[in-house]
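Here is the structure we will look at.
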Amino acid sequence: DAGVTQSPTHLIKTRGQQVTLRCSPISGHKSVSWYQQVLGQGPQFIFQYYEKEERGRGNFPDRFSARQFPNYSSELNVNALLLGDSALYLCASSVVEEQFFGPGTRLTVL
Amino acid sequence: QKEVEQNSGPLSVPEGAIASLNCTYSDRGSQSFFWYRQYSGKSPELIMSIYSNGDKEDGRFTAQLNKASQYVSLLIRDSQPSDSATYLCAVRTGGSYIPTFGRGTSLIVHP
């Protein structure tokens with residue numbers, strides 16, 4: 001079975017630009033969560049969606065937004081990029097408790 | 001504020017030894033506990049989940065949960081160099097769907 005997929009793998013942007021990251025969950029998983037991970041830290045929760053509804057939001061500014069589509073795939077959008085947004089962005093899908101992560105998108109903001 | 005604490009390490013053990021990784025959490029209402037392994041430059045991989053007090057074994061891995069003392073640990077028996085990675089502890093409290101992650105413990109298994 002295919003695991004969680006994310007695109008793109010790597011991304012380089014400049015300050016002030018906007019970025020869209022994409023995630024496809026494991027087949028049958030209806031919940032998708034987004035995390036930001038910087039070097040030396042654990043993943044920090046950004047959003048969780050279940051059945052296309054936002055079920056949780058972490059302590060991130062309004063520049064971060066997300067949505068989930070009818071096929072349960074999801075997009076994370078970040079506007080007005082800052083240098084501090086450089087990180088590994090992780091998507092995880094789950095059916096009940098256990099979350100399974102995709103390979104991540106490495107975002108570099110110059 | 002929910003906190004999950006892990007010693008950042010590195011924890012260095014010889015090949016074949018038992019590696020013991022510990023995690024403490026602040027919220028007594030925590031119900032679900034997870035251990036992830038993360039190789040450098042890769043995403044976290046779920047190793048174990050544990051929901052009730054006691055031990056849970058899966059191959060060379062044993063998760064131990066003590067809710068009274070608010071800690072969860074991961075034992076890796078017969079450690080191999082391929083076990084060298086960062087181990088993340090994640091804890092979910094009742095009433096929330098979102099687990100909180102610790103910063104991880106770096107494990108080095110040397111030949």
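Just so we're on the same page: first chain in the structure tokens is A, next is B, and so on; residues restart at 1 for each chain, and ligands are numbered from 1 in the order they show up.
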
Long-range neighbours of region 43-53 of chain B as a ChimeraX atom specification, 6 Å cut-off, only C-alpha atoms, 4 positions minimum in chain: /A:103 /B:32-38,65-66

Excluding Ser74 (chain A) and residues on its chain fewer than 2 positions from it, collect all residues at most 9 Å away from it, counting only C-alpha atoms, and give them as a ChimeraX atom specification. /A:21-25,32-33,49,52,66-69,71-72,76,91

Find the residues in chain A near chain B: any atom within 9 Å counts, using only C-alpha atoms. Write them as a list in words.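 Contact residues on the first chain: Ser33, Gly40, Gln41, Gly42, Pro43, Gln44, Phe45, Gln48, Arg55, Gly56, Leu88, Leu90, Glu97, Glu98, Gln99, Phe100, Phe101, Gly102, Pro103 and Gly104 of chain A.
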
Prev. selection, C-alpha atoms, output as a PDB file, in the first residue's frame:
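Just written: part-v4.pdb:
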ATOM      1  CA  SER A  33      -2.244  16.829  10.152  1.00  0.00           C
ATOM      2  CA  GLY A  40      16.926  19.923  16.774  1.00  0.00           C
ATOM      3  CA  GLN A  41      13.249  20.199  17.667  1.00  0.00           C
ATOM      4  CA  GLY A  42      10.294  17.879  17.589  1.00  0.00           C
ATOM      5  CA  PRO A  43       7.466  18.439  15.115  1.00  0.00           C
ATOM      6  CA  GLN A  44       5.285  21.426  15.999  1.00  0.00           C
ATOM      7  CA  PHE A  45       1.587  21.072  15.242  1.00  0.00           C
ATOM      8  CA  GLN A  48      -5.423  18.986  11.671  1.00  0.00           C
ATOM      9  CA  ARG A  55     -10.256  19.951  13.943  1.00  0.00           C
ATOM     10  CA  GLY A  56      -7.321  21.761  15.459  1.00  0.00           C
ATOM     11  CA  LEU A  88      10.811  20.573   7.225  1.00  0.00           C
ATOM     12  CA  LEU A  90       5.508  17.176   7.597  1.00  0.00           C
ATOM     13  CA  GLU A  97      -4.858   7.310  16.939  1.00  0.00           C
ATOM     14  CA  GLU A  98      -1.646   6.467  15.165  1.00  0.00           C
ATOM     15  CA  GLN A  99      -0.213   9.056  12.809  1.00  0.00           C
ATOM     16  CA  PHE A 100       1.919   8.106   9.831  1.00  0.00           C
ATOM     17  CA  PHE A 101       4.193  10.717   8.344  1.00  0.00           C
ATOM     18  CA  GLY A 102       5.007  11.473   4.758  1.00  0.00           C
ATOM     19  CA  PRO A 103       8.573  12.173   3.613  1.00  0.00           C
ATOM     20  CA  GLY A 104       8.189  15.902   4.197  1.00  0.00           C
TER      21      GLY A 104
END

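Close contacts of Arg15 (chain A), defined as residues with an atom at most 9 Å away when counting only C-alpha atoms, with chain neighbours fewer than 5 positions off set aside, comprise Ala80, Leu81, Leu82, Leu83, Val109 and Leu110 of chain A.
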
For the selection just defined, write its residues with N, CA and C atoms to a file, as an mmCIF file, in the first residue's frame.
data_model
loop_
_atom_site.group_PDB
_atom_site.id
_atom_site.type_symbol
_atom_site.label_atom_id
_atom_site.label_comp_id
_atom_site.auth_asym_id
_atom_site.auth_seq_id
_atom_site.Cartn_x
_atom_site.Cartn_y
_atom_site.Cartn_z
ATOM 1 N N ALA A 80 3.511 35.417 2.647
ATOM 2 C CA ALA A 80 4.479 36.377 3.174
ATOM 3 C C ALA A 80 5.609 35.680 3.930
ATOM 4 N N LEU A 81 6.295 34.810 3.234
ATOM 5 C CA LEU A 81 7.314 33.970 3.862
ATOM 6 C C LEU A 81 8.378 34.785 4.579
ATOM 7 N N LEU A 82 8.772 34.267 5.740
ATOM 8 C CA LEU A 82 9.863 34.829 6.530
ATOM 9 C C LEU A 82 11.017 33.840 6.563
ATOM 10 N N LEU A 83 12.207 34.357 6.873
ATOM 11 C CA LEU A 83 13.363 33.467 6.968
ATOM 12 C C LEU A 83 13.097 32.337 7.977
ATOM 13 N N VAL A 109 13.824 29.394 2.879
ATOM 14 C CA VAL A 109 13.457 30.770 2.554
ATOM 15 C C VAL A 109 14.718 31.625 2.594
ATOM 16 N N LEU A 110 15.018 32.274 1.467
ATOM 17 C CA LEU A 110 16.243 33.079 1.368
ATOM 18 C C LEU A 110 15.920 34.561 1.468
#

Interatomic distance, CA of Glu57 (chain B) to CA of Leu21 (chain B) (Å, one decimal):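 One can read the CA of Glu57 (chain B) to CA of Leu21 (chain B) distance as 14.6 Å.
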
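The space separating CA of Thr9 (chain A) from CA of Glu75 (chain A) comes to 14.1 Å.
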
Any idea what the distance is between CA of Gln70 (chain B) and CA of Asp83 (chain B)? 25.7 Å

Smallest atom-to-atom distance to Glu54 (chain A): which of A:Thr20, A:Lys30, A:Asn79, A:Pro8, using only C-alpha atoms?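 For Glu54 (chain A), the nearest of the given residues is A:Lys30.
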